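What follows is final-v5.tsv (TSV, C-alpha atoms).
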```tsv
chain	number	residue	atom	x	y	z
O	1	MET	CA	8.16	30.81	-21.78
O	2	SER	CA	7.49	29.69	-18.21
O	3	GLY	CA	3.73	29.29	-18.68
O	4	ARG	CA	2.95	31.26	-15.49
O	5	GLY	CA	-0.46	32.90	-15.83
O	6	SER	CA	-0.85	31.96	-19.49
O	7	ALA	CA	-4.06	30.32	-20.73
O	8	ALA	CA	-2.45	28.94	-23.89
O	9	PRO	CA	-1.74	25.18	-24.01
O	10	LEU	CA	1.55	24.27	-22.35
O	11	GLY	CA	4.15	22.81	-24.65
O	12	ILE	CA	5.36	19.56	-23.12
O	13	ALA	CA	7.78	16.75	-23.94
O	14	VAL	CA	7.76	13.22	-22.53
O	15	VAL	CA	11.13	11.56	-21.97
O	16	GLY	CA	10.98	7.75	-21.86
O	17	ALA	CA	8.79	5.56	-24.07
O	18	GLY	CA	8.94	2.40	-21.98
O	19	TYR	CA	6.34	1.10	-19.52
O	20	TRP	CA	4.91	4.39	-18.21
O	21	GLY	CA	5.72	6.91	-20.94
O	22	PRO	CA	2.87	5.89	-23.28
O	23	ASN	CA	0.35	6.45	-20.45
O	24	LEU	CA	1.65	9.99	-20.04
O	25	VAL	CA	1.57	10.53	-23.81
O	26	ARG	CA	-2.11	9.52	-23.91
O	27	ASN	CA	-3.10	11.82	-21.06
O	28	PHE	CA	-1.13	14.85	-22.21
O	29	GLN	CA	-2.44	14.38	-25.75
O	30	SER	CA	-6.05	14.20	-24.61
O	31	SER	CA	-5.86	17.24	-22.30
O	32	PRO	CA	-6.66	20.70	-23.72
O	33	GLN	CA	-4.18	22.11	-21.19
O	34	TYR	CA	-1.20	20.79	-23.16
O	35	ARG	CA	0.35	20.60	-26.60
O	36	LEU	CA	2.52	17.48	-26.69
O	37	ARG	CA	5.59	18.38	-28.77
O	38	TRP	CA	8.07	15.52	-28.40
O	39	LEU	CA	8.49	11.95	-27.22
O	40	CYS	CA	12.15	11.32	-26.53
O	41	ASP	CA	13.72	7.89	-26.06
O	42	LEU	CA	17.18	6.44	-26.69
O	43	ASP	CA	15.37	3.90	-28.89
O	44	ILE	CA	13.65	6.08	-31.49
O	45	ASP	CA	11.76	3.11	-32.93
O	46	ARG	CA	10.21	2.48	-29.53
O	47	ALA	CA	9.21	6.16	-29.40
O	48	ARG	CA	7.59	5.89	-32.85
O	49	GLN	CA	5.74	2.75	-31.83
O	50	ALA	CA	4.49	4.37	-28.62
O	51	LEU	CA	3.19	7.40	-30.49
O	52	GLY	CA	1.20	5.37	-32.98
O	53	ARG	CA	-1.59	7.62	-34.23
O	54	TYR	CA	-0.22	10.77	-32.56
O	55	SER	CA	1.42	11.84	-35.81
O	56	THR	CA	1.73	15.48	-34.78
O	57	VAL	CA	4.19	14.57	-32.01
O	58	GLN	CA	7.84	14.30	-32.96
O	59	PRO	CA	9.79	11.19	-31.89
O	60	THR	CA	13.48	11.74	-31.20
O	61	SER	CA	16.51	10.30	-29.46
O	62	ASP	CA	18.12	13.75	-29.14
O	63	TYR	CA	17.30	15.11	-25.67
O	64	ALA	CA	19.39	18.24	-26.26
O	65	ALA	CA	17.13	19.16	-29.19
O	66	VAL	CA	14.06	18.81	-26.95
O	67	LEU	CA	15.54	21.10	-24.30
O	68	ALA	CA	16.58	23.64	-26.95
O	69	ASP	CA	13.02	23.93	-28.29
O	70	PRO	CA	11.50	27.20	-26.98
O	71	SER	CA	7.97	25.83	-27.48
O	72	VAL	CA	8.64	23.22	-24.77
O	73	GLN	CA	7.77	24.69	-21.39
O	74	ALA	CA	7.66	21.47	-19.40
O	75	VAL	CA	9.22	18.00	-19.43
O	76	ALA	CA	7.78	14.76	-18.04
O	77	VAL	CA	10.44	12.24	-17.06
O	78	ALA	CA	9.51	8.55	-17.32
O	79	THR	CA	12.97	7.01	-17.43
O	80	PRO	CA	14.57	4.54	-14.96
O	81	ALA	CA	15.02	5.97	-11.45
O	82	GLY	CA	18.81	5.94	-11.72
O	83	THR	CA	18.62	8.48	-14.58
O	84	HIS	CA	16.12	10.87	-12.94
O	85	LEU	CA	18.78	13.19	-11.54
O	86	ASP	CA	20.59	13.79	-14.84
O	87	VAL	CA	17.47	14.00	-17.02
O	88	ALA	CA	15.44	16.21	-14.66
O	89	LEU	CA	18.38	18.44	-13.70
O	90	ALA	CA	19.13	19.16	-17.36
O	91	ALA	CA	15.49	20.15	-17.91
O	92	LEU	CA	15.43	22.46	-14.89
O	93	ARG	CA	18.67	24.10	-15.98
O	94	ALA	CA	17.09	24.67	-19.40
O	95	GLY	CA	14.26	26.55	-17.68
O	96	LYS	CA	11.61	23.82	-18.00
O	97	HIS	CA	9.03	22.79	-15.41
O	98	VAL	CA	9.50	19.12	-14.56
O	99	LEU	CA	7.24	16.19	-13.72
O	100	VAL	CA	9.10	13.08	-12.51
O	101	GLU	CA	7.78	9.54	-12.14
O	102	LYS	CA	8.18	7.94	-8.72
O	103	PRO	CA	10.60	7.76	-7.09
O	104	LEU	CA	11.77	11.37	-7.42
O	105	ALA	CA	15.38	10.15	-7.63
O	106	ALA	CA	17.50	7.14	-6.76
O	107	THR	CA	18.67	8.69	-3.47
O	108	TYR	CA	17.56	11.38	-1.04
O	109	GLU	CA	20.69	13.39	-1.85
O	110	ASP	CA	19.88	13.36	-5.57
O	111	GLY	CA	16.27	14.31	-4.86
O	112	MET	CA	17.40	17.25	-2.75
O	113	ARG	CA	19.54	18.51	-5.64
O	114	LEU	CA	16.44	18.56	-7.85
O	115	VAL	CA	14.31	20.32	-5.23
O	116	THR	CA	17.00	22.93	-4.60
O	117	GLU	CA	17.48	23.59	-8.33
O	118	ALA	CA	13.74	23.99	-8.95
O	119	GLU	CA	13.27	26.33	-5.99
O	120	LYS	CA	16.30	28.41	-7.00
O	121	ARG	CA	14.91	28.87	-10.50
O	122	GLY	CA	11.25	29.34	-9.50
O	123	LEU	CA	10.17	26.30	-11.51
O	124	THR	CA	7.53	23.68	-10.76
O	125	LEU	CA	8.90	20.28	-9.75
O	126	MET	CA	6.23	17.62	-9.30
O	127	CYS	CA	6.40	13.93	-8.47
O	128	ASP	CA	3.83	11.67	-10.12
O	129	HIS	CA	2.53	9.87	-7.05
O	130	THR	CA	-0.34	8.50	-9.12
O	131	TYR	CA	-2.41	6.91	-6.35
O	132	CYS	CA	-2.77	10.31	-4.66
O	133	TYR	CA	-4.87	11.46	-7.61
O	134	THR	CA	-7.44	8.69	-7.49
O	135	PRO	CA	-10.91	9.91	-6.46
O	136	ALA	CA	-10.82	7.56	-3.44
O	137	VAL	CA	-7.55	8.91	-2.02
O	138	ARG	CA	-8.58	12.52	-2.60
O	139	ARG	CA	-11.75	11.80	-0.64
O	140	ILE	CA	-9.75	10.16	2.15
O	141	ARG	CA	-7.45	13.20	2.33
O	142	LYS	CA	-10.48	15.48	2.68
O	143	MET	CA	-12.03	13.31	5.41
O	144	VAL	CA	-8.81	13.00	7.42
O	145	ARG	CA	-7.85	16.66	7.16
O	146	SER	CA	-11.36	17.94	7.96
O	147	GLY	CA	-11.32	16.05	11.25
O	148	GLU	CA	-14.19	13.79	10.24
O	149	LEU	CA	-12.29	10.76	11.54
O	150	GLY	CA	-11.01	12.58	14.63
O	151	GLU	CA	-7.42	12.29	15.80
O	152	ILE	CA	-5.55	9.65	13.82
O	153	HIS	CA	-4.70	6.62	15.99
O	154	PHE	CA	-3.28	4.27	13.34
O	155	VAL	CA	-2.87	3.64	9.63
O	156	ASP	CA	-2.52	0.09	8.33
O	157	SER	CA	-1.74	-0.57	4.67
O	158	VAL	CA	-1.42	-3.88	2.80
O	159	ARG	CA	-0.09	-4.14	-0.78
O	160	ILE	CA	0.55	-7.77	-1.65
O	161	ASN	CA	0.40	-9.94	-4.76
O	162	LEU	CA	2.24	-12.70	-6.61
O	163	GLY	CA	5.22	-11.12	-8.43
O	164	LEU	CA	6.75	-9.38	-10.19
O	165	VAL	CA	10.09	-10.07	-8.47
O	166	GLN	CA	12.50	-7.34	-9.55
O	167	LYS	CA	16.20	-7.80	-10.22
O	168	ASP	CA	17.43	-4.34	-9.29
O	169	VAL	CA	15.24	-3.33	-6.31
O	170	ASP	CA	13.70	-5.09	-3.33
O	171	VAL	CA	9.97	-5.25	-2.57
O	172	LEU	CA	10.34	-2.23	-0.30
O	173	TRP	CA	11.50	0.11	-3.09
O	174	ASP	CA	9.16	-1.50	-5.62
O	175	LEU	CA	5.81	-1.38	-3.80
O	176	ALA	CA	6.07	0.75	-0.66
O	177	PRO	CA	6.45	4.12	-2.48
O	178	HIS	CA	2.74	3.92	-3.36
O	179	ASP	CA	1.65	3.54	0.26
O	180	LEU	CA	4.18	6.03	1.62
O	181	SER	CA	3.14	8.70	-0.88
O	182	VAL	CA	-0.53	8.17	0.03
O	183	LEU	CA	0.32	8.38	3.74
O	184	ASP	CA	2.08	11.71	3.26
O	185	PHE	CA	-0.79	12.96	1.08
O	186	ILE	CA	-3.62	12.20	3.53
O	187	LEU	CA	-2.03	13.04	6.90
O	188	PRO	CA	-2.67	16.53	8.34
O	189	ASP	CA	0.33	18.84	8.20
O	190	HIS	CA	0.92	18.56	11.96
O	191	VAL	CA	1.22	14.76	11.78
O	192	GLN	CA	4.60	13.62	10.40
O	193	PRO	CA	6.49	10.30	10.39
O	194	VAL	CA	9.55	10.66	12.62
O	195	ALA	CA	11.12	7.17	12.61
O	196	VAL	CA	10.80	3.78	10.94
O	197	ALA	CA	11.57	0.17	11.83
O	198	THR	CA	11.60	-2.42	9.04
O	199	THR	CA	11.88	-6.18	8.86
O	200	GLY	CA	12.06	-8.24	5.70
O	201	ALA	CA	12.74	-11.70	4.34
O	202	ASP	CA	14.00	-13.38	1.19
O	203	PRO	CA	12.67	-16.94	1.56
O	204	ILE	CA	13.12	-17.80	-2.15
O	205	GLY	CA	16.75	-16.68	-2.44
O	206	ALA	CA	16.02	-13.82	-4.87
O	207	GLY	CA	18.91	-11.77	-3.52
O	208	GLN	CA	16.73	-9.06	-1.95
O	209	SER	CA	13.74	-8.88	0.37
O	210	CYS	CA	10.54	-10.23	-1.17
O	211	VAL	CA	8.43	-9.58	1.94
O	212	ALA	CA	8.74	-6.50	4.15
O	213	TYR	CA	6.96	-4.81	7.05
O	214	LEU	CA	7.47	-1.12	7.82
O	215	THR	CA	6.38	0.40	11.10
O	216	LEU	CA	6.38	4.19	11.18
O	217	GLN	CA	6.27	6.25	14.36
O	218	LEU	CA	4.23	9.43	13.87
O	219	SER	CA	4.87	12.73	15.61
O	220	THR	CA	1.61	12.45	17.58
O	221	GLY	CA	2.46	9.05	19.05
O	222	ALA	CA	0.25	7.27	16.53
O	223	ILE	CA	1.56	4.45	14.34
O	224	ALA	CA	1.48	3.60	10.63
O	225	HIS	CA	2.21	0.14	9.27
O	226	VAL	CA	2.91	-0.96	5.69
O	227	HIS	CA	3.03	-4.59	4.53
O	228	VAL	CA	4.44	-5.29	1.05
O	229	ASN	CA	4.88	-8.76	-0.44
O	230	TRP	CA	5.72	-10.28	-3.84
O	231	LEU	CA	4.93	-13.84	-2.73
O	232	SER	CA	1.23	-13.68	-1.81
O	233	PRO	CA	-1.08	-15.97	-3.84
O	234	THR	CA	-3.83	-13.36	-3.50
O	235	LYS	CA	-3.79	-9.70	-4.45
O	236	VAL	CA	-4.74	-7.28	-1.66
O	237	ARG	CA	-4.77	-3.47	-1.80
O	238	THR	CA	-6.29	-2.16	1.40
O	239	THR	CA	-5.63	0.76	3.71
O	240	MET	CA	-7.29	1.31	7.10
O	241	VAL	CA	-7.21	4.72	8.76
O	242	GLY	CA	-8.30	4.58	12.39
O	243	GLY	CA	-9.41	7.76	14.11
O	244	SER	CA	-10.85	8.71	17.48
O	245	LYS	CA	-14.27	9.29	15.90
O	246	ARG	CA	-14.44	6.91	12.94
O	247	THR	CA	-12.38	4.35	11.07
O	248	LEU	CA	-12.08	4.30	7.30
O	249	VAL	CA	-11.26	1.29	5.10
O	250	TRP	CA	-10.13	1.77	1.50
O	251	ASP	CA	-10.27	-1.34	-0.70
O	252	ASP	CA	-8.78	-0.38	-4.05
O	253	LEU	CA	-9.82	-3.69	-5.63
O	254	ASN	CA	-13.52	-3.19	-4.88
O	255	PRO	CA	-14.87	-0.72	-7.48
O	256	THR	CA	-18.43	-0.89	-6.09
O	257	GLN	CA	-17.39	0.07	-2.54
O	258	ARG	CA	-13.89	1.51	-2.46
O	259	ILE	CA	-14.39	3.34	0.84
O	260	SER	CA	-16.24	2.22	3.97
O	261	VAL	CA	-16.50	4.44	7.05
O	262	PHE	CA	-17.26	2.76	10.37
O	263	ASP	CA	-18.67	4.59	13.37
O	264	ARG	CA	-17.19	1.92	15.59
O	265	GLY	CA	-14.32	2.05	18.00
O	266	VAL	CA	-12.98	1.96	21.53
O	267	GLU	CA	-13.43	4.72	24.08
O	268	LEU	CA	-11.64	5.04	27.40
O	269	SER	CA	-13.27	6.94	30.25
O	270	THR	CA	-10.89	8.89	32.46
O	271	PRO	CA	-11.21	8.84	36.30
O	272	GLN	CA	-12.53	12.42	36.22
O	273	GLU	CA	-15.45	11.37	34.04
O	274	ILE	CA	-16.69	8.47	36.17
O	275	GLY	CA	-18.08	8.14	39.67
O	276	ALA	CA	-15.93	7.85	42.78
O	277	ASP	CA	-16.91	4.23	43.31
O	278	GLU	CA	-15.58	3.29	39.88
O	279	ARG	CA	-12.36	5.24	39.84
O	280	ARG	CA	-10.28	2.22	40.73
O	281	ASP	CA	-11.23	0.74	37.34
O	282	MET	CA	-10.61	2.54	34.08
O	283	LEU	CA	-13.65	1.87	31.92
O	284	VAL	CA	-13.29	0.73	28.34
O	285	SER	CA	-16.43	1.07	26.26
O	286	TYR	CA	-17.06	-0.09	22.71
O	287	ARG	CA	-18.91	2.08	20.23
O	288	SER	CA	-20.82	0.12	17.59
O	289	GLY	CA	-22.49	2.47	15.15
O	290	ASP	CA	-23.30	2.44	11.46
O	291	MET	CA	-21.14	1.77	8.43
O	292	VAL	CA	-21.41	4.25	5.58
O	293	ALA	CA	-20.07	3.74	2.05
O	294	PRO	CA	-19.79	7.17	0.41
O	295	ALA	CA	-20.27	7.35	-3.35
O	296	ILE	CA	-16.93	7.81	-5.12
O	297	GLY	CA	-16.83	9.02	-8.71
O	298	GLU	CA	-14.54	7.34	-11.22
O	299	LYS	CA	-11.87	9.40	-12.97
O	300	GLU	CA	-8.49	8.29	-14.25
O	301	ALA	CA	-5.84	9.29	-11.72
O	302	LEU	CA	-3.34	10.24	-14.41
O	303	ARG	CA	-5.79	12.71	-15.93
O	304	SER	CA	-6.20	14.43	-12.56
O	305	MET	CA	-2.43	14.37	-12.09
O	306	VAL	CA	-1.64	16.12	-15.39
O	307	GLU	CA	-4.33	18.73	-14.64
O	308	GLU	CA	-2.69	19.38	-11.24
O	309	PHE	CA	0.68	19.83	-12.98
O	310	ALA	CA	-0.77	22.39	-15.41
O	311	ASP	CA	-2.57	24.30	-12.65
O	312	ALA	CA	0.58	24.43	-10.50
O	313	ILE	CA	2.59	25.79	-13.44
O	314	ARG	CA	-0.03	28.43	-14.30
O	315	THR	CA	-0.58	29.66	-10.74
O	316	GLY	CA	2.94	29.23	-9.37
O	317	ARG	CA	1.67	27.32	-6.31
O	318	PRO	CA	3.33	24.06	-5.20
O	319	PRO	CA	1.60	20.99	-6.66
O	320	LEU	CA	-0.08	18.63	-4.20
O	321	THR	CA	2.75	16.13	-4.71
O	322	ASP	CA	5.68	18.47	-5.13
O	323	GLY	CA	9.37	17.69	-4.99
O	324	ARG	CA	9.40	17.84	-1.20
O	325	ALA	CA	6.66	15.19	-1.06
O	326	GLY	CA	8.94	13.03	-3.20
O	327	LEU	CA	11.80	13.74	-0.78
O	328	LYS	CA	9.75	12.52	2.18
O	329	VAL	CA	9.17	9.18	0.46
O	330	LEU	CA	12.89	8.83	-0.34
O	331	ASP	CA	13.76	9.68	3.25
O	332	ILE	CA	11.55	6.87	4.56
O	333	LEU	CA	12.77	4.36	1.96
O	334	GLU	CA	16.44	5.03	2.75
O	335	ALA	CA	15.81	4.84	6.50
O	336	ALA	CA	13.80	1.64	6.02
O	337	SER	CA	16.68	0.11	4.06
O	338	ARG	CA	19.09	0.99	6.88
O	339	SER	CA	16.67	-0.53	9.38
O	340	LEU	CA	16.60	-3.74	7.32
O	341	GLU	CA	20.39	-3.91	7.47
O	342	PHE	CA	20.24	-3.63	11.26
O	343	ARG	CA	17.50	-6.27	11.63
O	344	GLY	CA	14.63	-3.96	12.43
O	345	ALA	CA	16.38	-1.22	14.40
O	346	VAL	CA	14.46	2.05	14.70
O	347	VAL	CA	15.95	4.68	12.36
O	348	GLY	CA	15.09	8.38	12.63
O	349	LEU	CA	13.93	10.36	9.60
O	350	ARG	CA	15.45	13.58	8.27
O	351	THR	CA	12.04	15.13	7.59
O	352	GLY	CA	10.81	14.19	11.06
O	353	ARG	CA	13.37	16.30	12.89
```
Any chance you could put this one into structure tokens?
Amino acid sequence: MSGRGSAAPLGIAVVGAGYWGPNLVRNFQSSPQYRLRWLCDLDIDRARQALGRYSTVQPTSDYAAVLADPSVQAVAVATPAGTHLDVALAALRAGKHVLVEKPLAATYEDGMRLVTEAEKRGLTLMCDHTYCYTPAVRRIRKMVRSGELGEIHFVDSVRINLGLVQKDVDVLWDLAPHDLSVLDFILPDHVQPVAVATTGADPIGAGQSCVAYLTLQLSTGAIAHVHVNWLSPTKVRTTMVGGSKRTLVWDDLNPTQRISVFDRGVELSTPQEIGADERRDMLVSYRSGDMVAPAIGEKEALRSMVEEFADAIRTGRPPLTDGRAGLKVLDILEAASRSLEFRGAVVGLRTGR
């Protein structure tokens, strides 16, 4: 029933037919790796509407019936974050592999319960950090981890646009999970965030921060910065990764040139490398080389994500964005929220210890 090592399509159920559920339905239905069995939602009419032409999939409001179905080997959870613990935990306890939309849970403590349960039962727990499965981000991960950029000096990420102001979460919890999941995905294993300082503002009186700036200290002494904003009249989605050899710029809104790699930077000569007459002055030199825009193929991120989930289940290896990757994001978000309360104080991270 687990699906380990089996080549047959994996029986899967989607829970939640709201904003994101129909996207999962479409991708599971179109993948030969899966047989979509159920779409479960408290509002069965919404489930029926979301299924549309997928007449072979059963709509239901009875989650217990889904978990009792032996043909269901995995469950994808697309319900509100506050319900992730109960919905995902029930699936794990029923012996199902679980995919959870971001964030993994509403709190780090809840997320840890899910990770512990999955590991205890030998089940796959995966977090759908969708941006990590875009062709651009997968290429960035490869370039960073291969050393092509050199040692990472800084990461700077901007995710701003006009709206949508949320009622239940601030801009930090709404937008930053995307950037934080990408950061964790691309950084080499030996480079980890260890602390965060966050400032924010609510200039329109929305009741929570609408603009926020996160500054992450990395274990190597490098720095990562994330700017999120609901109030910007222009939409910007850029990430810059600066290395000792090259600097990479990812512009997610530019489909013709998503990635640019610059052979430009600053180099500092040490006293041992320069003549005796010059040792009293440290020399700063500027490297100004070429810019290269590597060709990036286009493939829907969700399709790559569901393929990764199937492969992880079949092989038993951890998925690229496993439960612990989801925990790291929750750790930073909770620490960032505490930092906001203390007006930008530096707060240490659990996963950075």
Residue contacts of Val347 (chain O) (8 Å, only C-alpha atoms) excluding same-chain residues fewer than 4 positions away, as a VMD selection string:
chain O and resid 195 to 197 335 to 336 338 to 339
List the spatial neighbours of His227 (chain O) as a JSON list (two decimals) with C-alpha atoms, in the frame of the given file - criterion: any atom at most 10 Å away, all atoms listed in the file, same-chain residues fewer than 4 positions off excluded.
```json
[["chain", "number", "residue", "atom", "x", "y", "z"],
["O", 156, "ASP", "CA", -2.52, 0.09, 8.33],
["O", 157, "SER", "CA", -1.74, -0.57, 4.67],
["O", 158, "VAL", "CA", -1.42, -3.88, 2.80],
["O", 159, "ARG", "CA", -0.09, -4.14, -0.78],
["O", 160, "ILE", "CA", 0.55, -7.77, -1.65],
["O", 171, "VAL", "CA", 9.97, -5.25, -2.57],
["O", 172, "LEU", "CA", 10.34, -2.23, -0.30],
["O", 175, "LEU", "CA", 5.81, -1.38, -3.80],
["O", 176, "ALA", "CA", 6.07, 0.75, -0.66],
["O", 179, "ASP", "CA", 1.65, 3.54, 0.26],
["O", 198, "THR", "CA", 11.60, -2.42, 9.04],
["O", 199, "THR", "CA", 11.88, -6.18, 8.86],
["O", 200, "GLY", "CA", 12.06, -8.24, 5.70],
["O", 211, "VAL", "CA", 8.43, -9.58, 1.94],
["O", 212, "ALA", "CA", 8.74, -6.50, 4.15],
["O", 213, "TYR", "CA", 6.96, -4.81, 7.05],
["O", 214, "LEU", "CA", 7.47, -1.12, 7.82],
["O", 215, "THR", "CA", 6.38, 0.40, 11.10]]
```
Tell me which protein, DNA and RNA residues are within 9 Å of Ser232 (chain O), counting all atoms listed in the file, leaving out same-chain ones fewer than 4 positions away, and put them as a count of residues only.
5
Rounded to one decimal, what separation in Å do you get between CA of Val261 (chain O) and CA of Gly289 (chain O)?
10.3 Å
Can you find the residues with an atom no farther than 10 Å from (-12.5, 11.3, 0.8), counting only C-alpha atoms, and report them as a list in words?
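Every residue inside that radius is included here: Pro135, Ala136, Val137, Arg138, Arg139, Ile140, Arg141, Lys142, Met143, Val144, Arg145, Ser146, Glu148, Ile186, Leu248, Trp250, Ile259, Pro294, Ala295 and Ile296 of chain O.
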Give as a ChimeraX atom specification every residue, naming chains and numbers as the document does, that has an atom within 10 Å of (17.0, 2.9, -12.3), counting all atoms listed in the file.
/O:79-84,103,105-106,168-169
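Each of O:Pro59, O:Leu149, O:Ala325, O:Trp230 was checked against Pro203 (chain O) using all atoms listed in the file; the smallest atom-to-atom distance is that of O:Trp230.
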Considering all atoms listed in the file, return as a PyMOL selection string whatever protein or nucleic-acid residues lie within 7 Å of Asp128 (chain O), sequence-local ones (same chain, fewer than 3 positions apart) excluded.
chain O and resi 99-102
Take the residues that were just selected and, keeping C-alpha atoms, output them as an mmCIF file, in the coordinates of the input.
```cif
data_model
loop_
_atom_site.group_PDB
_atom_site.id
_atom_site.type_symbol
_atom_site.label_atom_id
_atom_site.label_comp_id
_atom_site.auth_asym_id
_atom_site.auth_seq_id
_atom_site.Cartn_x
_atom_site.Cartn_y
_atom_site.Cartn_z
ATOM 1 C CA LEU O 99 7.240 16.190 -13.720
ATOM 2 C CA VAL O 100 9.100 13.080 -12.510
ATOM 3 C CA GLU O 101 7.780 9.540 -12.140
ATOM 4 C CA LYS O 102 8.180 7.940 -8.720
#
```
So that I can see what lies close to Val15 (chain O), please list as a ChimeraX atom specification the residues with an atom at most 7 Å from it, counting all atoms listed in the file and leaving out residues fewer than 2 positions away in the same chain.
/O:13,17,39-41,76-79
Nearest to Glu109 (chain O), restricted to all atoms listed in the file and choosing among O:Arg350, O:Lys167, O:Gly16, O:Arg26, comes out as O:Arg350
